[in-house]
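*Asks:* Quick one: structure below, then a few questions.
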Amino acid sequence: MRQCEVLVIGGGPAGLSAAIEAAKAGAQVVVVETNREVGGQLVKQTHKFFGSSRHRAGTRGIDIAKILRKQCEDLHVELKVNSLVMGIYADNVVAIDEKKSLTEHNIERIQAKKIVISTGASENSIRFPGWTLPGVMGAGAIQTMCNYHRVIPGRKLLMIGSGSVGLIVCYQLMQAGAEIVGIVEALPHINGYAVHASKLTREGIPIYTGYTIKEARGKERVEQAVIAKVNPDWSTVPGSEIVLDTDIVAVGAGLKPLIGMAHMSGCEFVYDKALGGWAPCHNKNMESTHKGIYVAGDTTGLEEASTAIEEGTISGIAIAESLGYIPKDKAKTLKDEGWERLAGLRSGFKGEDRVKAKMKQLNRYDEVMKGGK
Amino acid sequence: MRVMNHPVLGEQKDIEWVTIIFNGKPMKAEKGEMILAALHAENQIVNRYTAKRHEPRGIYCGIGQCTDCMMVVNGIPNVRTCITPVEDGMTVEIQEGLGKWRGDK
């Protein structure tokens, strides 16, 4: 069986950052990525990032993906694309299904000294009559089609959810030439950044706060959406219905960590709504309760690409340290700096809840390792 | 529709085209793009009909996880078209139910 020092599952911002740090210190790293190129969801993020210059504020997500990829290539990180990790087994053995063509697959097993799980997240859906009709899709899905594949499967779009994703995706669809018929938000207020919402309202796009989608109508695809005022118990107010002509209903109802791999490894989990639900807990090295298996990015709690990069960086440093490539004191300084930057990122919008949730994960890790329940 | 002009991504030009056969008819596609993207460019949004109720399904996740985009490709059913690139001469058909294995290539 093939051996490697570090195997990273998922080549998004977290995984690539982990790979870069470990490789920089001298470790041999393999990144396994299911898509045909690395970058994760950065490849469709045409917007500029917020924050400090350390977090590449002002740089577009699509360019950050290129930068990270170039760094990996320069450091001779092996980027194994079109490759799906099927499972993690005893003694850090990972089974990989590499897609060669429509009918040819190559199955391989690799045993790694250290594993990083950075599988990201998946979109939540909401159910309503007509939700299975073609034209109802994830907000991330329409963003992928528009910004990455450069096609839009329709002309008019209704967005469900006014979180950051919903707002940004609407703006980007508008940039690409689609008509936005409105944004529906069940909360009494806009859920994302005001700066993004303003860009849309300035264009005359209505944001229906206190509304929800009641139904999507159409024969072979969405033709209309019915929205209505929502009561605190999620029932709708009779007579408040508005019928909108649209052929796309995008659902931006948040995301949840993709935890299959962590679950299969037997990691301990913590539930917190602020992080999108169940996520593996970890220590300050980003190591899970399964020794030698690290977790970073959205897989250990929904945040942003910048936080994923920092968590990946910390895990890469910790791995390099435990493999003997970085002396303990130097590693400590580097990791402390990483945690400081993370604290900075978590001091902003809705940061307080995430700080608490992350603390819960760290505490749970300690409890489990001490043998508590 | 195709996004030909984009304020950030720039203009889409010098596209190299190939031809796929969609439900028996030729359809142009950009070389190397995903099957689903080629269909969306032609406003073709139904990928399959469900086995029990014969309901239409189209893109949901767009990243190979939800399986709503499964179609019969080169006679092979249940191919996730959002993550499978086109090839010149490839046949793509709307899938009925779980599809039948023809495996012509």
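The chains in the structure tokens are called A, B, ... from first to last as shown; in each chain the residues are counted from 1, and the ligands are counted from 1 in the order shown.
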Please return as an NGL selection string: the residues of chain B that backbone DSSP assigns to alpha helix (DSSP H).

*Replies:* :B and (35-41)

*Asks:* If we count only C-alpha atoms, which residues of chain A reach to within 6 Å of chain B? Please list them as an MDAnalysis selection string.

*Replies:* chainID A and resid 134 137:138 141 150:153 176

*Asks:* Would you mind listing what lies within 8 Å of Gly12 in chain A as an mmCIF file with N, CA and C atoms, in the first residue's frame, with only C-alpha atoms counted and same-chain residues fewer than 5 positions away left out?

*Replies:*
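Written out: selection-v3.cif:
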```cif
data_model
loop_
_atom_site.group_PDB
_atom_site.id
_atom_site.type_symbol
_atom_site.label_atom_id
_atom_site.label_comp_id
_atom_site.auth_asym_id
_atom_site.auth_seq_id
_atom_site.Cartn_x
_atom_site.Cartn_y
_atom_site.Cartn_z
ATOM 1 N N VAL A 38 -8.661 22.139 -7.859
ATOM 2 C CA VAL A 38 -8.751 22.489 -6.457
ATOM 3 C C VAL A 38 -9.247 23.929 -6.312
ATOM 4 N N GLY A 39 -9.555 24.307 -5.070
ATOM 5 C CA GLY A 39 -10.022 25.672 -4.813
ATOM 6 C C GLY A 39 -11.334 25.678 -4.033
ATOM 7 N N GLY A 40 -12.007 24.529 -4.033
ATOM 8 C CA GLY A 40 -13.281 24.458 -3.312
ATOM 9 C C GLY A 40 -14.266 25.459 -3.861
ATOM 10 N N GLN A 41 -15.024 26.087 -2.978
ATOM 11 C CA GLN A 41 -16.056 27.019 -3.430
ATOM 12 C C GLN A 41 -15.488 28.397 -3.781
ATOM 13 N N LEU A 42 -14.166 28.578 -3.570
ATOM 14 C CA LEU A 42 -13.550 29.847 -3.980
ATOM 15 C C LEU A 42 -13.657 30.048 -5.484
ATOM 16 N N SER A 118 -11.023 18.237 5.496
ATOM 17 C CA SER A 118 -11.458 19.613 5.184
ATOM 18 C C SER A 118 -12.458 19.505 4.035
ATOM 19 N N THR A 119 -13.571 18.859 4.340
ATOM 20 C CA THR A 119 -14.548 18.521 3.300
ATOM 21 C C THR A 119 -15.605 19.595 3.102
ATOM 22 N N GLY A 120 -15.537 20.678 3.901
ATOM 23 C CA GLY A 120 -16.453 21.786 3.657
ATOM 24 C C GLY A 120 -17.861 21.537 4.150
#
```

*Asks:* Which neighbours of Ser306 in chain A fall inside 12 Å, counting only C-alpha atoms, when residues of the same chain fewer than 3 positions from it are skipped, and could you give them as a PyMOL selection string?

*Replies:* chain A and resi 12-14+17+42+48-57+59-61+64-65+296-298+302-303+309-313+338+341-346

*Asks:* Have a look at CA of Thr212 in chain A and CA of Ile160 in chain A and let me know their distance in Å, one decimal.

*Replies:*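 Atom-to-atom, CA of Thr212 in chain A and CA of Ile160 in chain A are spaced 7.5 Å apart.
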
*Asks:* For Val72 in chain B, which of A:Val8, A:Leu102, A:Val31, A:Leu167 is the closest residue, counting only C-alpha atoms?

*Replies:*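 Counting only C-alpha atoms, the residue closest to Val72 in chain B is A:Leu102.
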
*Asks:* Name the residues of chain B that come out as strand (DSSP E or B) in a backbone DSSP run; write them as a ChimeraX atom specification.

*Replies:* /B:2,5-6,10-11,17-22,25-30,34,48-49,56-57,70-73,76-80,85,91-93,95-96

*Asks:* I'd like the interatomic distance between CA of Arg2 in chain A and CA of Ala112 in chain A, to a tenth of an Å.

*Replies:* 8.7 Å

*Asks:* What is the CA of Ile207 in chain A to CA of Gln224 in chain A distance in Å?

*Replies:*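 Those two atoms sit 17.3 Å apart.
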
*Asks:* Which residue is closest to Met174 in chain A? Choose from A:Ser347, A:Asn363, A:Ser125, A:Gln143 and count only C-alpha atoms.

*Replies:* A:Gln143

*Asks:* With distances taken over only C-alpha atoms, which of A:Gln111, A:Asn283, A:Asn191, A:Thr333 is nearest to Asn92 in chain A?

*Replies:*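 Residue with the minimum atom-to-atom distance to Asn92 in chain A: A:Gln111.
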
*Asks:* Mind checking which residues fall within 8 Å of Glu5 in chain A, counting only C-alpha atoms, ignoring those fewer than 5 positions away in the same chain, and posting them as a list in words?

*Replies:*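 Those residues are Ala27, Gln28, Val29, Ala112, Lys113 and Lys114 of chain A.
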